[in-house]
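Scroll down for the structure; my scribbles are underneath it.
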Protein chains: 2
Amino acid sequence: MGLWVLAVLLVASRTSGAAALVSPALRAFSSLHSAPRSTASSPGAREFSVHYLQQKVDHFGFSTDKTFKQRYLIADKYWKKDGGSVLFYTGNEGDIIWFCNNTGFMWDVAEELKAMLVFAEHRYYGKSLPYGSKSFRDSKHLNFLTSEQALADFAELITNLRQTIPGVKNQPIIAVGGSYGGMLAAWFRMKYPHMVVGALAASAPIWQFQDMVPCGVFLSIVTRDYKKSGPNCSESIRMSWKAIDRLGSTSIGLKWLSETLNLCSPLNSSQDVEHLKDWISETWINLAMVNYPYESNFLQPLPAWPIKVVCQNLDNPNVNDTQLLKNIYKALNVYYNHSGQARCLNISETTTSSLGSQGWSYQACTEMVMPFCSNGIDDMFEPHSWNLKEFSDDCFKQWHVRPRPAWIPTLYGGKNISSHKNIIFSNGELDPWVGGGVTKDISDSLIAVLIPDGAHHLDLRANNAFDPMSVLVARSLEVKHMKQWIQEFYGSLRKKY
Amino acid sequence: MGLWVLAVLLVASRTSGAAALVSPALRAFSSLHSAPRSTASSPGAREFSVHYLQQKVDHFGFSTDKTFKQRYLIADKYWKKDGGSVLFYTGNEGDIIWFCNNTGFMWDVAEELKAMLVFAEHRYYGKSLPYGSKSFRDSKHLNFLTSEQALADFAELITNLRQTIPGVKNQPIIAVGGSYGGMLAAWFRMKYPHMVVGALAASAPIWQFQDMVPCGVFLSIVTRDYKKSGPNCSESIRMSWKAIDRLGSTSIGLKWLSETLNLCSPLNSSQDVEHLKDWISETWINLAMVNYPYESNFLQPLPAWPIKVVCQNLDNPNVNDTQLLKNIYKALNVYYNHSGQARCLNISETTTSSLGSQGWSYQACTEMVMPFCSNGIDDMFEPHSWNLKEFSDDCFKQWHVRPRPAWIPTLYGGKNISSHKNIIFSNGELDPWVGGGVTKDISDSLIAVLIPDGAHHLDLRANNAFDPMSVLVARSLEVKHMKQWIQEFYGSLRKKY
């Protein structure tokens, strides 16, 4: 799963205190970086064994032979040595145990595919830290946090599994990942097609890069979700920003806002007001990603179709500022207080400095440069243009690196990927990331699967009685292709011998 | 072209003075590293313009933003903006001007393909030095000399050409290379299929790596060439080693050998005798690579079918040691004194410390780990087994790096490359490198082209009146495929618009 962490736009500037430069709506993305919790809140612990592989810190140079331990998990309950397969989860920006426990799809299909499940942790996340606690110290220590190094880790791990686990050597391996992990699954198949017979890239916005999709597409999809979920909903949110500004322009208004929104720390300045708007924007964006058809507990405990519930509170835009903000408060509580246990709302809780968010902030400042913008017309957010120069300066301030926005398209092919084979790109149409995803078949074996009722990689989640038909169809299509790849593998193996 | 420089086995140990550890036959490979000469000795200067592109020293990390100038050449006499193509030479381990002037095939087909010719210099060779004169100072400065970085340079260069030369943007580009450059051409198509529509990989021993072909195959093919070129020829050479040992075991014998072989510096020790045998082995190997059907001047001025001429002197193995060595001297003169101008023979002339040989020595000690061995039975050389430990220690002594022999197969797929498309692997059956090459079709679009009468990438050389039919057929097949790729490109372009 993943990618609650993908977005990150401007963690950089936020952390460096340059918040004022940045559109709240855009900074909002950083909130997606909430650290995964590998606690009892997981939707059901699974049985797996934990392993470590000694990996080169730098696969692409020889001046250091330093190594680190990459963590990976194995679940082989349904694996068959004869005629089996391996589903290889290409770990993304977070603790691998959390992803393991939240990728129910792999567990659900293991028996049918006689599959061993392998979950590989991405370097610089979870316990796979190249320099231990110093891993994030500076750009020198962070230098080996790239998608290329991560893919090389996966390749070395697969080579090792093939050598050390009897039976795996001659089995087909399929890469599976969601969000950034889905991008990695697709890229792994593209760059190491000898390692995996195919890839399932769920909600993988591989085109959310420079010059490939309009920078506004993400926030316009978020907006569409709210528009569809209740009358006047997106309009109410669009109007709320100016209402907050007006209320926040006086000290009485600040006090009123702090009390009405039940904030843990009172607002004191115009900067606090900007933070408040960021935090609210982030909340709406998060909700668009986790807008699942059943009660879930991913980032927060949530009701089924949470945006619908939010929008029930935002159906009337023709109210005065105070009433609008009271409605906004009720709507926020859908996300922050579904359980009814929250004492107050903490607007700094998204600015976590957890490992995951640090790592992604660096990645967003180097390779994963995703331009975002809003105009307030096609979307319900405050207008903000994409400013690479400003973004780059912020990155330099925070990490002492500068982004190379053209590198990912140069490396992975941008929109010109038709020569590859056996990749499924699945996308939920409710997911804001669908805007950067592959949503049309590119060839017979580069397949787009659309899930009209799906939010962010709903298909990778465990089967649920409330799953809409569209995700069931998607999963069955995915399994069909995976079986076909497996059959083709065994077919060509038989030809050889 | 290229790869007169490929082999390098143990430049490392040679340079570090550990010569005694190493089989002469094996060390011989290092001689292939003779520095290319971009002088009048080129078979005909061509018209091109010289350019430089600012490249990142490290494409795969962000802690340094240091850049260097990569040299590249452009020849566009026959290029058509409309309906044209680009042939992109993936430069290998030497001065790009030398390769440019010695890859006549590209010049010969330019008009037919309406092609622009681009020759990209490989980093750390020629004038493309990431750290100028300090580039070879230590393993830190050498850290960015890898095939991955070189491919990334090519990708950035192509991106730049597409952006800056009107017309190139929408044209098909084909990678062309020979020897190590052929490996790069194939790997470039595998890793960056969005950059080039296909690759011509001439005499590219992409399988001359760990566990893919027997380590003895290279020297057994050298031997086969001598066997086929005259009765008793390989047998005479096989017997010569012990004869040299016997003669070299006394001071009178050393003197006699020095005089009879007309050496520039007299032999003084048993170590000198080992060097002599290395140098002779290297000569036989070089000859196997340049065993062309017409007079040529690549490494040395040579007659047509030089091994046949060599073997005319070695047709009788039933002679005593002194007579055998007199014959060997005559045979050596075919290589070293075809012009009749050589004053004496210099057995240290292969141990050049030119840029090219330094670079390849490092590459052989890191990624390009090619196991070689001989047994004296299937080949005419003294027996020597492949010893990775010893090789690694020698590398560490010389460069302070250790080889990773499994990395290239992990990275580029080893023998499992069937998912790729549009690569021609051409090989001359006289070429010792054919043993590590792709010599059977892998699929409809991974084509093997065999040239029974060809030495090392004869097909990339300019048309010659004495070309055997087999190379003419090969070239025409190559052009046929290239035209097909170009047509397919324009066909799919038309579909798009």
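Labels for the structure tokens follow display order: chains A, B, ..., residues from 1 in each chain, ligands from 1.
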Taking only C-alpha atoms into account, report as a count of residues only which residues of chain B lie within 8 Å of chain A. 35
How would you write, as a VMD selection string, the set of residues in range 170-274 of chain B that DSSP gives as strand (DSSP E)? chain B and resid 173 to 178 198 to 202
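Comparing the minimum interatomic distances between Asn464 in chain B and each of B:Phe209, B:Tyr362, B:Phe105, B:Trp305, counting only C-alpha atoms, we find that B:Phe105 sits nearest.
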Which polymer residues have any atom within 12 Å of an atom of Leu430 in chain B, counting only C-alpha atoms, with same-chain residues fewer than 2 positions away left out, as a PDB file with C-alpha atoms, in the first residue's frame?
```
ATOM      1  CA  SER B 203      30.920  -8.085 -31.275  1.00  0.00           C
ATOM      2  CA  PHE B 218      38.081 -16.943 -25.409  1.00  0.00           C
ATOM      3  CA  LEU B 219      41.524 -18.484 -25.682  1.00  0.00           C
ATOM      4  CA  SER B 220      40.219 -21.625 -27.313  1.00  0.00           C
ATOM      5  CA  ILE B 221      38.759 -19.477 -30.096  1.00  0.00           C
ATOM      6  CA  VAL B 222      42.061 -17.662 -30.503  1.00  0.00           C
ATOM      7  CA  THR B 223      43.626 -21.084 -30.843  1.00  0.00           C
ATOM      8  CA  ARG B 224      41.028 -22.223 -33.366  1.00  0.00           C
ATOM      9  CA  ASP B 225      41.929 -19.242 -35.543  1.00  0.00           C
ATOM     10  CA  TYR B 226      45.564 -20.345 -35.648  1.00  0.00           C
ATOM     11  CA  LYS B 227      44.637 -23.984 -36.201  1.00  0.00           C
ATOM     12  CA  LYS B 228      42.556 -23.007 -39.207  1.00  0.00           C
ATOM     13  CA  SER B 229      45.179 -20.669 -40.616  1.00  0.00           C
ATOM     14  CA  ILE B 285      45.409 -12.523 -29.247  1.00  0.00           C
ATOM     15  CA  ASN B 286      45.543  -9.124 -30.900  1.00  0.00           C
ATOM     16  CA  LEU B 287      46.054 -10.811 -34.228  1.00  0.00           C
ATOM     17  CA  ALA B 288      42.968 -12.936 -33.692  1.00  0.00           C
ATOM     18  CA  MET B 289      40.914  -9.792 -33.259  1.00  0.00           C
ATOM     19  CA  VAL B 290      42.340  -7.956 -36.251  1.00  0.00           C
ATOM     20  CA  ASN B 291      42.446 -10.948 -38.547  1.00  0.00           C
ATOM     21  CA  TYR B 292      40.820  -8.962 -41.329  1.00  0.00           C
ATOM     22  CA  PRO B 293      40.590 -10.034 -44.966  1.00  0.00           C
ATOM     23  CA  TRP B 305      44.548 -12.295 -43.216  1.00  0.00           C
ATOM     24  CA  ILE B 307      47.247 -14.985 -39.063  1.00  0.00           C
ATOM     25  CA  ASN B 427      29.539 -11.502 -34.194  1.00  0.00           C
ATOM     26  CA  GLY B 428      32.459 -12.580 -36.313  1.00  0.00           C
ATOM     27  CA  PRO B 432      37.642 -14.573 -29.779  1.00  0.00           C
ATOM     28  CA  TRP B 433      34.891 -12.452 -28.242  1.00  0.00           C
ATOM     29  CA  VAL B 434      32.224 -14.423 -30.101  1.00  0.00           C
ATOM     30  CA  GLY B 435      32.424 -16.878 -27.213  1.00  0.00           C
ATOM     31  CA  LEU B 450      26.959 -14.392 -37.585  1.00  0.00           C
ATOM     32  CA  ILE B 451      29.839 -13.513 -39.868  1.00  0.00           C
ATOM     33  CA  PRO B 452      31.850 -16.686 -40.489  1.00  0.00           C
ATOM     34  CA  ASP B 453      34.790 -14.806 -41.991  1.00  0.00           C
ATOM     35  CA  GLY B 454      34.717 -11.897 -39.585  1.00  0.00           C
ATOM     36  CA  ALA B 455      37.124 -10.898 -36.851  1.00  0.00           C
ATOM     37  CA  HIS B 456      36.274  -8.313 -34.164  1.00  0.00           C
ATOM     38  CA  HIS B 457      33.275  -6.306 -35.451  1.00  0.00           C
ATOM     39  CA  LEU B 458      34.373  -6.386 -39.042  1.00  0.00           C
TER      40      LEU B 458
END
```
Exercise: Glu478 in chain A partners within 9 Å, only C-alpha atoms, chain neighbours under 6 positions left out, as number ranges by chain: A: 200, 424, 426, 449
Range 71-159 of chain B: residues DSSP assigns to alpha helix (DSSP H), reported as a list of chain:residue names: B:Ile96, B:Ile97, B:Trp98, B:Phe99, B:Cys100, B:Asn101, B:Gly104, B:Phe105, B:Met106, B:Trp107, B:Asp108, B:Val109, B:Ser147, B:Glu148, B:Gln149, B:Ala150, B:Leu151, B:Ala152, B:Asp153, B:Phe154, B:Ala155, B:Glu156, B:Leu157, B:Ile158, B:Thr159
Using only N, CA, C and O atoms, please write the residues we just selected to a file, as an mmCIF file, in the first residue's frame.
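What landed in out.cif:
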```
data_model
loop_
_atom_site.group_PDB
_atom_site.id
_atom_site.type_symbol
_atom_site.label_atom_id
_atom_site.label_comp_id
_atom_site.auth_asym_id
_atom_site.auth_seq_id
_atom_site.Cartn_x
_atom_site.Cartn_y
_atom_site.Cartn_z
ATOM 1 N N ILE B 96 37.037 9.323 -28.697
ATOM 2 C CA ILE B 96 35.876 9.185 -29.590
ATOM 3 C C ILE B 96 36.242 9.499 -31.047
ATOM 4 O O ILE B 96 35.619 8.955 -31.972
ATOM 5 N N ILE B 97 37.241 10.324 -31.244
ATOM 6 C CA ILE B 97 37.585 10.661 -32.636
ATOM 7 C C ILE B 97 38.149 9.432 -33.347
ATOM 8 O O ILE B 97 37.874 9.173 -34.520
ATOM 9 N N TRP B 98 38.890 8.663 -32.601
ATOM 10 C CA TRP B 98 39.431 7.429 -33.159
ATOM 11 C C TRP B 98 38.302 6.473 -33.537
ATOM 12 O O TRP B 98 38.271 5.898 -34.618
ATOM 13 N N PHE B 99 37.351 6.327 -32.652
ATOM 14 C CA PHE B 99 36.212 5.447 -32.961
ATOM 15 C C PHE B 99 35.421 6.002 -34.148
ATOM 16 O O PHE B 99 34.966 5.258 -35.018
ATOM 17 N N CYS B 100 35.236 7.307 -34.143
ATOM 18 C CA CYS B 100 34.486 7.958 -35.223
ATOM 19 C C CYS B 100 35.136 7.656 -36.571
ATOM 20 O O CYS B 100 34.451 7.309 -37.540
ATOM 21 N N ASN B 101 36.438 7.742 -36.604
ATOM 22 C CA ASN B 101 37.145 7.520 -37.865
ATOM 23 C C ASN B 101 37.282 6.039 -38.216
ATOM 24 O O ASN B 101 37.726 5.703 -39.308
ATOM 25 N N GLY B 104 33.477 2.992 -40.095
ATOM 26 C CA GLY B 104 33.092 3.337 -41.462
ATOM 27 C C GLY B 104 31.676 2.937 -41.811
ATOM 28 O O GLY B 104 31.004 3.608 -42.605
ATOM 29 N N PHE B 105 31.195 1.862 -41.198
ATOM 30 C CA PHE B 105 29.834 1.402 -41.495
ATOM 31 C C PHE B 105 28.815 2.516 -41.333
ATOM 32 O O PHE B 105 27.940 2.709 -42.181
ATOM 33 N N MET B 106 28.924 3.260 -40.224
ATOM 34 C CA MET B 106 27.944 4.323 -39.987
ATOM 35 C C MET B 106 27.998 5.368 -41.102
ATOM 36 O O MET B 106 26.964 5.852 -41.575
ATOM 37 N N TRP B 107 29.221 5.696 -41.521
ATOM 38 C CA TRP B 107 29.373 6.676 -42.603
ATOM 39 C C TRP B 107 28.826 6.115 -43.917
ATOM 40 O O TRP B 107 28.225 6.842 -44.708
ATOM 41 N N ASP B 108 29.044 4.819 -44.100
ATOM 42 C CA ASP B 108 28.609 4.209 -45.359
ATOM 43 C C ASP B 108 27.082 4.149 -45.499
ATOM 44 O O ASP B 108 26.560 4.164 -46.603
ATOM 45 N N VAL B 109 26.366 4.036 -44.367
ATOM 46 C CA VAL B 109 24.909 3.897 -44.457
ATOM 47 C C VAL B 109 24.167 5.209 -44.201
ATOM 48 O O VAL B 109 22.948 5.263 -44.279
ATOM 49 N N SER B 147 29.334 1.696 -16.150
ATOM 50 C CA SER B 147 28.492 1.623 -17.345
ATOM 51 C C SER B 147 27.160 2.342 -17.112
ATOM 52 O O SER B 147 26.613 2.952 -18.032
ATOM 53 N N GLU B 148 26.646 2.295 -15.890
ATOM 54 C CA GLU B 148 25.368 2.969 -15.608
ATOM 55 C C GLU B 148 25.486 4.477 -15.818
ATOM 56 O O GLU B 148 24.590 5.111 -16.380
ATOM 57 N N GLN B 149 26.567 5.040 -15.308
ATOM 58 C CA GLN B 149 26.750 6.488 -15.487
ATOM 59 C C GLN B 149 26.922 6.804 -16.969
ATOM 60 O O GLN B 149 26.414 7.825 -17.456
ATOM 61 N N ALA B 150 27.647 5.936 -17.682
ATOM 62 C CA ALA B 150 27.855 6.186 -19.111
ATOM 63 C C ALA B 150 26.520 6.156 -19.858
ATOM 64 O O ALA B 150 26.246 7.008 -20.707
ATOM 65 N N LEU B 151 25.673 5.181 -19.534
ATOM 66 C CA LEU B 151 24.358 5.119 -20.180
ATOM 67 C C LEU B 151 23.523 6.357 -19.840
ATOM 68 O O LEU B 151 22.812 6.894 -20.691
ATOM 69 N N ALA B 152 23.631 6.794 -18.597
ATOM 70 C CA ALA B 152 22.888 8.001 -18.201
ATOM 71 C C ALA B 152 23.406 9.215 -18.970
ATOM 72 O O ALA B 152 22.614 10.078 -19.375
ATOM 73 N N ASP B 153 24.716 9.293 -19.195
ATOM 74 C CA ASP B 153 25.256 10.370 -20.043
ATOM 75 C C ASP B 153 24.601 10.328 -21.422
ATOM 76 O O ASP B 153 24.190 11.357 -21.971
ATOM 77 N N PHE B 154 24.532 9.134 -21.992
ATOM 78 C CA PHE B 154 23.927 8.999 -23.327
ATOM 79 C C PHE B 154 22.469 9.488 -23.301
ATOM 80 O O PHE B 154 22.012 10.187 -24.202
ATOM 81 N N ALA B 155 21.747 9.088 -22.254
ATOM 82 C CA ALA B 155 20.328 9.476 -22.157
ATOM 83 C C ALA B 155 20.191 10.991 -22.055
ATOM 84 O O ALA B 155 19.327 11.594 -22.710
ATOM 85 N N GLU B 156 21.041 11.596 -21.260
ATOM 86 C CA GLU B 156 20.980 13.058 -21.120
ATOM 87 C C GLU B 156 21.373 13.740 -22.430
ATOM 88 O O GLU B 156 20.788 14.752 -22.813
ATOM 89 N N LEU B 157 22.358 13.168 -23.100
ATOM 90 C CA LEU B 157 22.796 13.759 -24.364
ATOM 91 C C LEU B 157 21.672 13.687 -25.406
ATOM 92 O O LEU B 157 21.384 14.669 -26.103
ATOM 93 N N ILE B 158 21.025 12.541 -25.487
ATOM 94 C CA ILE B 158 19.923 12.403 -26.448
ATOM 95 C C ILE B 158 18.785 13.367 -26.111
ATOM 96 O O ILE B 158 18.228 14.019 -26.992
ATOM 97 N N THR B 159 18.462 13.465 -24.823
ATOM 98 C CA THR B 159 17.427 14.414 -24.407
ATOM 99 C C THR B 159 17.803 15.824 -24.858
ATOM 100 O O THR B 159 16.980 16.582 -25.379
#
```
Counting only C-alpha atoms, what is within 12 Å of range 374-383 of chain B, bar same-chain residues fewer than 5 positions away, as a VMD selection string? chain B and resid 22 to 28 214 to 227 232 to 242 244 to 245 274 277 to 278 280 to 282 284 to 285 432
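From CA of Asn346 in chain A back to CA of Phe298 in chain A, the distance works out to 18.3 Å.
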Exercise: range 121-128 of chain A partners within 8 Å, only C-alpha atoms, chain neighbours under 5 positions left out, as a ChimeraX atom specification: /A:68-72,90-96,135,145,150,355-356,359
Print the selection's residues with C-alpha atoms to a file, as a JSON list (two decimals), in the first residue's frame.
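Okay, this is what ended up in again.json:
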```json
[["chain", "number", "residue", "atom", "x", "y", "z"],
["A", 68, "PHE", "CA", 23.50, -1.98, 5.65],
["A", 69, "LYS", "CA", 20.76, -4.38, 6.57],
["A", 70, "GLN", "CA", 17.62, -4.27, 4.48],
["A", 71, "ARG", "CA", 14.59, -5.68, 6.22],
["A", 72, "TYR", "CA", 12.17, -7.92, 4.41],
["A", 90, "THR", "CA", 8.24, -3.25, -3.72],
["A", 91, "GLY", "CA", 8.29, -1.36, -0.47],
["A", 92, "ASN", "CA", 7.71, 2.33, -0.44],
["A", 93, "GLU", "CA", 8.22, 5.23, 1.91],
["A", 94, "GLY", "CA", 7.41, 3.71, 5.26],
["A", 95, "ASP", "CA", 7.70, 0.87, 7.68],
["A", 96, "ILE", "CA", 7.34, -2.39, 5.76],
["A", 135, "SER", "CA", 20.88, 8.44, 7.92],
["A", 145, "LEU", "CA", 18.21, 7.53, -1.08],
["A", 150, "ALA", "CA", 15.92, 1.01, -4.11],
["A", 355, "LEU", "CA", 11.43, 8.94, 9.51],
["A", 356, "GLY", "CA", 9.02, 8.37, 6.69],
["A", 359, "GLY", "CA", 12.78, 10.47, 3.71]]
```
Straight-line distance linking CA of Trp386 in chain B with CA of Leu345 in chain B, stated in Å to one decimal: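 Interatomic distance here is 29.9 Å.
Nearest residue to Val438 in chain A among A:Leu129, A:Ala202, A:Leu332, A:Leu257 is A:Ala202, counting only C-alpha atoms.
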I need the residue nearest Gly84 in chain B from this list: B:Thr283, B:Thr164, B:Ser339, B:Gln171. Use only C-alpha atoms for the distance.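 Looking only at the distances to Gly84 in chain B, the closest residue turns out to be B:Gln171.
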